[in-house]
Amino acid sequence: MLKNIRIVLINTFHPGNIGAAARAMKNMGLTQLWLVEPREFPHPDADSRAAGAKDVLDDARVVGNLDEAIADCQLVIGTSARNRTFDLPQLDARECGIKCAAESGDGEIAIVFGRETMGLHNDELKRCSFHVYIPANPEYPVLNVAQAIQLLSYEVWMAHERPAVKQDSAQYPRQGEMTLFYEHLERVLRLTHFIIPQHEGRVLDKLHRFFNRSRPERAELGMLRGILTSVEEVLGKHKK
């Protein structure tokens with residue numbers, strides 16, 4: 001289900017890289033290109049670098065922030081040139097391709113790429129459930145964004161082409177549902193004074209990482225939301 005896999009580019013500086021990304025995607029059967037606040041798009045340089053993939057450019061979705069680009073995705077994978085530590089499960093390129101191919105039949109998947117000069121910001125990686133890292137020559141490990149897209153798209157294509165063993169698929173919530181859960185969780189933690197405004201610390205960041213890492217299924221998330229609602233109701237009764 002390659003049509004369910006999207007490539008998301010954030011703040012791409014050079015329009016030629018957008019065109020090269022579209023070409024790399026089409027080579028491997030991917031057609032969904034989402035652009036988060038590109039510096040210049042549409043642009044002739046993007047068209048020329050896309051070559052025969054102009055249709056991918058024409059259908060590209062331009063949005064104002066990352067949340068818009070991933071709201072309906074059940075799986076979000078962030079890319080990074082550096083092996084950073086976020087307590088997120090790490091995938092290599094091949095594992096990323098296998099996971100995308102395995103889950104693409106159940107819903108939308110996003111592979112997110114950051115800026116040419118600095119990649120993804122830390123708060124953007126925190127929105128991801130997995131982190132894919134492409135190992136390379138330690139003396140010069142940074143890949144051009146189009147090269148990285150080509151490598152990961154190739155692994156997605158190869159995993160898609162291989163015969164797969166049918167597995168029971170879990171129903172995962174979309175990213176927009178997770179956002180509502182985090183807002184609900186924060187509201188309850190403040191009501192119970194678990195989070196104190198003067199000493200908030202990094203509780204919410206750590207809880208975000210925990211739930212992104214554990215990936216609760218949709219039914220489990222519903223149960224968690226029910227628990228939070230129950231706590232709110234009890235607190236409301238005590239106030240009365």
# chains A, B, ... in the order shown; residues from 1 in each chain; ligands from 1
>>> select_by_dssp(residues="stretch 24-216 of chain A", states="helix (DSSP H, G or I)", output="number ranges by chain")
A: 24-27, 44-58, 66-70, 93-103, 122-125, 145-161, 175-191, 203-214
>>> residues_around(residues="stretch 122-136 of chain A", least_positions_apart="2", cutoff="7 Å", atoms="only C-alpha atoms", output="PyMOL selection string")
chain A and resi 75-81+83+88-93+96+120+138+141+209+212-213
>>> closest_residue(among="A:Ala24, A:Ile10, A:Leu235, A:Ile109", to="A:His193", atoms="only C-alpha atoms")
A:Leu235
